[in-house]
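Content type compact mmCIF, C-alpha atoms, from the file model.txt:
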# COMPACT_ATOMS: atom_id res chain seq x y z
CA MET A 1 167.66 196.80 40.99
CA GLN A 2 170.35 195.04 42.98
CA ASP A 3 169.86 191.59 44.49
CA ASP A 4 168.13 191.69 47.88
CA VAL A 5 170.59 191.71 50.74
CA GLU A 6 169.95 189.44 53.71
CA LEU A 7 170.88 190.98 57.05
CA GLN A 8 172.23 189.07 60.03
CA GLY A 9 168.79 188.80 61.61
CA GLY A 10 167.56 186.92 58.56
CA GLY A 11 165.47 189.78 57.11
CA VAL A 12 166.01 191.68 53.90
CA ASP A 13 166.72 195.43 53.81
CA TYR A 14 164.82 196.27 50.65
CA VAL A 15 165.60 199.99 50.87
CA THR A 16 169.37 199.63 50.75
CA ALA A 17 169.11 196.75 48.29
CA GLU A 18 167.06 198.81 45.84
CA PHE A 19 168.85 202.17 46.00
CA ASN A 20 172.57 202.62 45.38
CA THR A 21 172.73 206.10 46.93
CA TYR A 22 170.75 208.24 49.33
CA GLU A 23 169.96 210.61 46.47
CA ASP A 24 168.42 207.70 44.51
CA TYR A 25 166.31 206.92 47.57
CA LEU A 26 165.06 210.53 47.79
CA ASP A 27 164.47 210.81 44.04
CA MET A 28 162.13 207.82 44.14
CA GLN A 29 159.77 209.85 46.32
CA ILE A 30 159.77 212.96 44.14
CA THR A 31 156.89 213.23 41.69
CA PRO A 32 156.92 214.96 38.28
CA THR A 33 154.51 217.49 39.79
CA ASP A 34 157.03 218.33 42.53
CA LEU A 35 159.71 219.03 39.93
CA TYR A 36 157.29 221.07 37.82
CA TYR A 37 156.54 223.48 40.65
CA LEU A 38 159.90 223.49 42.41
CA GLU A 39 162.08 223.43 39.28
CA ASP A 40 165.03 222.34 41.44
CA ILE A 41 165.94 218.69 42.14
CA GLU A 42 168.11 219.60 45.14
CA LEU A 43 165.30 221.58 46.74
CA ALA A 44 162.91 218.71 46.08
CA ARG A 45 165.31 216.29 47.78
CA GLN A 46 165.62 218.57 50.80
CA LEU A 47 161.85 218.73 51.16
CA VAL A 48 161.61 214.92 51.00
CA GLU A 49 164.38 214.55 53.59
CA LEU A 50 162.58 217.01 55.88
CA GLY A 51 159.36 215.03 55.51
CA TYR A 52 157.39 217.56 53.46
CA ARG A 53 157.25 215.28 50.43
CA GLY A 54 157.20 211.53 49.95
CA ASN A 55 155.20 208.72 51.46
CA GLY A 56 155.61 207.60 55.04
CA GLU A 57 158.63 208.04 57.30
CA VAL A 58 161.79 209.09 55.48
CA LEU A 59 165.19 207.73 56.50
CA ARG A 60 167.80 210.28 57.46
CA ARG A 61 171.04 210.17 55.48
CA GLU A 62 172.99 208.78 58.44
CA GLU A 63 170.48 205.97 58.97
CA PHE A 64 170.40 205.09 55.27
CA GLU A 65 174.21 204.92 55.09
CA ALA A 66 174.39 202.87 58.30
CA ARG A 67 171.88 200.38 56.91
CA LYS A 68 173.71 200.33 53.59
CA GLU A 69 176.98 199.52 55.35
CA ALA A 70 175.34 196.81 57.46
CA ALA A 71 173.85 195.25 54.34
CA GLU A 72 177.25 195.25 52.63
CA VAL A 73 178.87 193.58 55.66
CA ALA A 74 176.12 190.93 55.65
CA ARG A 75 176.61 190.36 51.93
CA ARG A 76 180.36 189.86 52.36
CA GLN A 77 179.85 187.48 55.28
CA LYS A 78 177.41 185.44 53.21
CA LEU A 79 179.92 185.18 50.37
CA HIS A 80 182.70 184.29 52.79
CA ASN A 81 180.62 181.58 54.48
CA LYS A 82 179.38 180.11 51.23
CA PRO A 83 180.65 176.53 51.12
CA LYS A 84 183.16 175.87 48.39
CA LYS A 85 182.45 173.21 45.83
CA LEU A 86 184.34 170.03 46.62
CA ALA A 87 187.00 169.19 44.05
CA SER A 88 185.97 165.54 44.34
CA ALA A 89 182.24 166.17 43.92
CA GLN A 90 180.43 163.93 41.44
CA LYS A 91 183.64 162.19 40.38
CA ASP A 92 183.66 158.44 39.64
CA LEU A 93 186.62 157.20 41.67
CA THR A 94 185.89 153.49 41.40
CA GLY A 95 189.12 151.51 41.40
CA TYR A 96 191.25 154.38 42.72
CA PRO A 97 191.69 153.85 46.48
CA LEU A 98 193.82 156.94 47.15
CA LEU A 99 191.41 159.26 45.34
CA GLN A 100 188.53 157.65 47.21
CA ALA A 101 190.32 158.21 50.52
CA LEU A 102 191.08 161.84 49.66
CA ALA A 103 187.47 162.42 48.60
CA GLN A 104 186.17 160.98 51.86
CA ARG A 105 188.32 163.44 53.83
CA GLU A 106 188.00 166.55 51.64
CA GLU A 107 185.05 168.24 53.36
CA ALA A 108 186.37 167.65 56.89
CA VAL A 109 189.82 168.90 55.89
CA ARG A 110 188.39 171.99 54.22
CA ASN A 111 186.35 172.98 57.26
CA GLY A 112 189.26 172.42 59.65
CA LYS A 113 187.88 169.47 61.60
CA LEU A 114 190.59 167.19 60.25
CA THR A 115 194.15 167.53 59.02
CA THR A 116 195.69 164.85 56.84
CA ILE A 117 199.30 164.28 55.91
CA VAL A 118 199.69 162.16 52.79
CA PHE A 119 202.90 160.19 52.30
CA ILE A 120 203.51 159.19 48.69
CA ARG A 121 206.39 157.29 47.11
CA ASP A 122 206.36 156.94 43.34
CA LYS A 123 208.24 157.79 40.14
CA ASN A 124 207.98 161.23 38.59
CA VAL A 125 207.63 162.00 34.89
CA LYS A 126 211.41 161.60 34.49
CA GLY A 127 211.27 158.11 35.94
CA GLN A 128 213.00 159.21 39.17
CA GLU A 129 211.80 157.80 42.45
CA VAL A 130 210.53 160.56 44.73
CA SER A 131 208.74 160.59 48.05
CA GLY A 132 207.23 163.21 50.27
CA TYR A 133 204.78 164.20 52.98
CA ILE A 134 201.94 166.40 51.72
CA ASP A 135 199.71 168.64 53.83
CA TYR A 136 196.39 167.86 52.15
CA ALA A 137 194.74 171.05 53.47
CA PHE A 138 197.58 173.17 52.06
CA ARG A 139 197.16 171.59 48.63
CA LEU A 140 193.39 172.10 48.72
CA LYS A 141 193.90 175.75 49.56
CA THR A 142 196.63 176.49 47.01
CA GLU A 143 195.65 174.25 44.09
CA ASN A 144 192.60 173.27 42.14
CA LEU A 145 192.60 169.51 42.62
CA GLU A 146 189.77 168.74 40.21
CA GLY A 147 192.40 167.62 37.70
CA VAL A 148 193.64 165.08 40.26
CA PHE A 149 190.16 163.69 40.89
CA ASP A 150 189.51 163.68 37.14
CA ARG A 151 192.75 161.64 36.83
CA ARG A 152 194.21 164.15 34.38
CA LYS A 153 197.22 164.56 36.67
CA LYS A 154 198.71 162.63 39.59
CA PHE A 155 198.80 163.75 43.18
CA MET A 156 202.59 163.83 43.55
CA PRO A 157 205.03 165.21 46.15
CA LYS A 158 206.68 168.54 45.35
CA PRO A 159 209.70 170.39 46.78
CA SER A 160 207.21 172.89 48.27
CA ASP A 161 205.49 170.22 50.39
CA LEU A 162 206.11 169.46 54.06
CA SER A 163 208.91 167.09 53.09
CA PHE A 164 210.28 166.03 49.72
CA TYR A 165 213.09 163.69 48.65
CA ASN A 166 214.36 162.74 45.20
CA TRP A 167 216.13 159.39 45.58
CA GLU A 168 218.12 159.77 42.37
CA THR A 169 219.39 163.32 42.78
CA GLN A 170 219.32 163.09 46.59
CA THR A 171 217.58 166.46 46.69
CA SER A 172 215.82 167.04 50.01
CA THR A 173 213.53 169.88 51.10
CA SER A 174 211.20 170.60 54.02
CA ASN A 175 208.71 173.42 54.51
CA PRO A 176 206.28 174.41 57.26
CA THR A 177 202.66 175.08 56.32
CA ALA A 178 199.82 176.90 58.07
CA ASN A 179 198.94 173.59 59.76
CA PHE A 180 202.26 171.90 60.51
CA GLN A 181 205.77 172.59 61.69
CA VAL A 182 208.45 170.20 60.45
CA ILE A 183 210.76 168.77 63.11
CA ALA A 184 213.74 167.11 61.43
CA ASP A 185 217.12 165.85 62.71
CA ASN A 186 215.41 164.42 65.73
CA GLU A 187 216.37 161.16 67.43
CA ALA A 188 212.82 159.96 66.82
CA GLY A 189 213.11 160.71 63.10
CA LEU A 190 210.88 163.02 61.12
CA LEU A 191 208.07 164.58 63.16
CA PHE A 192 205.31 167.04 62.40
CA LYS A 193 203.79 169.37 64.99
CA ASN A 194 200.21 170.48 64.48
CA LYS A 195 200.16 174.26 64.93
CA ARG A 196 196.59 174.32 66.17
CA ASP A 197 196.76 171.93 69.12
CA ARG A 198 200.57 171.45 69.22
CA LYS A 199 200.23 167.66 69.06
CA ILE A 200 203.09 165.70 67.49
CA ILE A 201 202.49 163.36 64.55
CA ASN A 202 205.13 160.63 64.37
CA VAL A 203 205.36 159.06 60.90
CA ASP A 204 207.63 156.17 61.99
CA PRO A 205 205.61 153.02 61.13
CA ARG A 206 207.10 151.22 64.14
CA THR A 207 205.48 153.62 66.64
CA ARG A 208 202.07 155.09 67.36
CA PRO A 209 201.40 158.22 65.28
CA GLY A 210 200.41 160.22 68.38
CA ASP A 211 197.39 161.61 70.21
CA ASN A 212 194.25 162.03 68.11
CA SER A 213 196.14 160.63 65.11
CA THR A 214 195.73 157.49 63.02
CA ARG A 215 197.90 155.88 60.37
CA SER A 216 196.31 154.22 57.32
CA GLU A 217 198.24 152.47 54.58
CA ILE A 218 196.45 152.57 51.23
CA LEU A 219 196.97 149.56 48.99
CA THR A 220 196.69 150.85 45.45
CA HIS A 221 198.01 150.40 41.93
CA GLU A 222 198.16 154.19 41.56
CA TYR A 223 201.44 154.63 43.46
CA MET A 224 204.34 152.60 44.82
CA GLN A 225 203.41 153.45 48.41
CA VAL A 226 200.75 155.58 50.08
CA VAL A 227 200.18 156.24 53.79
CA LEU A 228 197.67 158.67 55.30
CA TYR A 229 198.11 160.27 58.71
CA ASP A 230 194.82 161.71 59.95
CA HIS A 231 194.81 164.09 62.89
CA VAL A 232 191.61 165.32 64.54
CA THR A 233 192.37 168.90 65.46
CA ARG A 234 191.36 170.23 68.83
CA ARG A 235 192.28 173.80 69.67
CA ARG A 236 194.03 174.20 72.99
CA SER A 237 191.87 175.81 75.67

Using structure tokens, write down the structure from this file.
Amino acid sequence: MQDDVELQGGGVDYVTAEFNTYEDYLDMQITPTDLYYLEDIELARQLVELGYRGNGEVLRREEFEARKEAAEVARRQKLHNKPKKLASAQKDLTGYPLLQALAQREEAVRNGKLTTIVFIRDKNVKGQEVSGYIDYAFRLKTENLEGVFDRRKKFMPKPSDLSFYNWETQTSTSNPTANFQVIADNEAGLLFKNKRDRKIINVDPRTRPGDNSTRSEILTHEYMQVVLYDHVTRRRS
């Protein structure tokens, strides 16, 4: 028997949950005596469908298939809406201010209420100084960050992030994400436009970061420099 399927109204369609096919549903109402006298499973099914055999009201094929489809849609919606486990859940982050800050924001970023751009400057595994602006939501969507929160690997800028710069090789890259458009070569310096509400996030420390945005510098031994830019997203009406 399959797991019971909850429908949108909150009830459970036991018929479509129990029977994979309409034929299975009909067969359940056929007795050994029916088969003994009829000697034909197809004829027995037809009699059940017509209401001459079985107990109670019998679903027509069209109704059964419609209910089966509705149950499958409900099952998929339930799976889609199932909250994902937080990568930072049940992790001891004592003494790691950046990881604590990322953990505090993870749920809000995952559900779209908040977007966070993380600026990090540090040395890579080759000892080269690199810096970059990271779309936290993009990383959460494309990577399993449990290794970061377990401190098995560092949360470092990559050439695929919003902005990346290697100070030794002078390699520079910039990439838009689902949340932000990169605006470079601007008189105001590097800017990011939120694609949802079209607000501008200005990362220049000498100016305000913009509407619905805040700038937070994280003092930590983990990296040379860390700054978080939080933006509360509000869809344009």

Give me the residues within 8 Å of range 142-158 of chain A as an mmCIF file with C-alpha atoms, keeping the file's coordinate frame, counting all atoms listed in the file and dropping any in the same chain fewer than 4 places off.
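Contents of the output file part.cif:
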data_model
loop_
_atom_site.group_PDB
_atom_site.id
_atom_site.type_symbol
_atom_site.label_atom_id
_atom_site.label_comp_id
_atom_site.auth_asym_id
_atom_site.auth_seq_id
_atom_site.Cartn_x
_atom_site.Cartn_y
_atom_site.Cartn_z
ATOM 1 C CA ALA A 87 187.000 169.190 44.050
ATOM 2 C CA SER A 88 185.970 165.540 44.340
ATOM 3 C CA LYS A 91 183.640 162.190 40.380
ATOM 4 C CA LEU A 93 186.620 157.200 41.670
ATOM 5 C CA LEU A 99 191.410 159.260 45.340
ATOM 6 C CA ILE A 120 203.510 159.190 48.690
ATOM 7 C CA ASP A 122 206.360 156.940 43.340
ATOM 8 C CA ASN A 124 207.980 161.230 38.590
ATOM 9 C CA VAL A 130 210.530 160.560 44.730
ATOM 10 C CA SER A 131 208.740 160.590 48.050
ATOM 11 C CA GLY A 132 207.230 163.210 50.270
ATOM 12 C CA TYR A 133 204.780 164.200 52.980
ATOM 13 C CA ILE A 134 201.940 166.400 51.720
ATOM 14 C CA PHE A 138 197.580 173.170 52.060
ATOM 15 C CA PHE A 164 210.280 166.030 49.720
#

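One distance worth recording is that between CA of Glu106 in chain A and CA of Ala89 in chain A, which is 9.6 Å.
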
Can you list, as a PyMOL selection string, every protein, DNA or RNA residue that comes within 8 Å of Asn175 in chain A when you count all atoms listed in the file, leaving out same-chain residues fewer than 5 positions away? chain A and resi 160-163+181-182

Please produce a file of those selected residues containing C-alpha atoms, as an mmCIF file, in the coordinates of the input.
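What follows is the written file again.cif:
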data_model
loop_
_atom_site.group_PDB
_atom_site.id
_atom_site.type_symbol
_atom_site.label_atom_id
_atom_site.label_comp_id
_atom_site.auth_asym_id
_atom_site.auth_seq_id
_atom_site.Cartn_x
_atom_site.Cartn_y
_atom_site.Cartn_z
ATOM 1 C CA SER A 160 207.210 172.890 48.270
ATOM 2 C CA ASP A 161 205.490 170.220 50.390
ATOM 3 C CA LEU A 162 206.110 169.460 54.060
ATOM 4 C CA SER A 163 208.910 167.090 53.090
ATOM 5 C CA GLN A 181 205.770 172.590 61.690
ATOM 6 C CA VAL A 182 208.450 170.200 60.450
#

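If you look at CA of Arg121 in chain A and CA of Val226 in chain A, they are 6.6 Å away from each other.
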
Answer as a short mmCIF file (atom, residue, chain, number, x, y, z; two decimals) with C-alpha atoms, in the coordinates of the input, residues within 6 Å of (191.4, 164.8, 59.1) using all atoms listed in the file:
data_model
loop_
_atom_site.label_atom_id
_atom_site.label_comp_id
_atom_site.auth_asym_id
_atom_site.auth_seq_id
_atom_site.Cartn_x
_atom_site.Cartn_y
_atom_site.Cartn_z
CA VAL A 109 189.82 168.90 55.89
CA LEU A 114 190.59 167.19 60.25
CA THR A 115 194.15 167.53 59.02
CA THR A 116 195.69 164.85 56.84
CA ASP A 230 194.82 161.71 59.95
CA HIS A 231 194.81 164.09 62.89
CA VAL A 232 191.61 165.32 64.54
#

Do a neighbour search on Glu217 in chain A at 9 Å with all atoms listed in the file, toss out local chain neighbours closer than 5 positions, and write the hits as a list in words. Gln225, Val226, Val227, Leu228 and Tyr229 of chain A

Show me as a ChimeraX atom specification the residues that reach within 12 Å of (201.3, 166.5, 71.6), counting only C-alpha atoms and using the file's own coordinates. /A:191-202,209-213,231,233-236

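Using all atoms listed in the file, the nearest neighbour of Glu62 in chain A within the list A:Thr173, A:Thr21, A:Asn111, A:Gln29 is A:Thr21.
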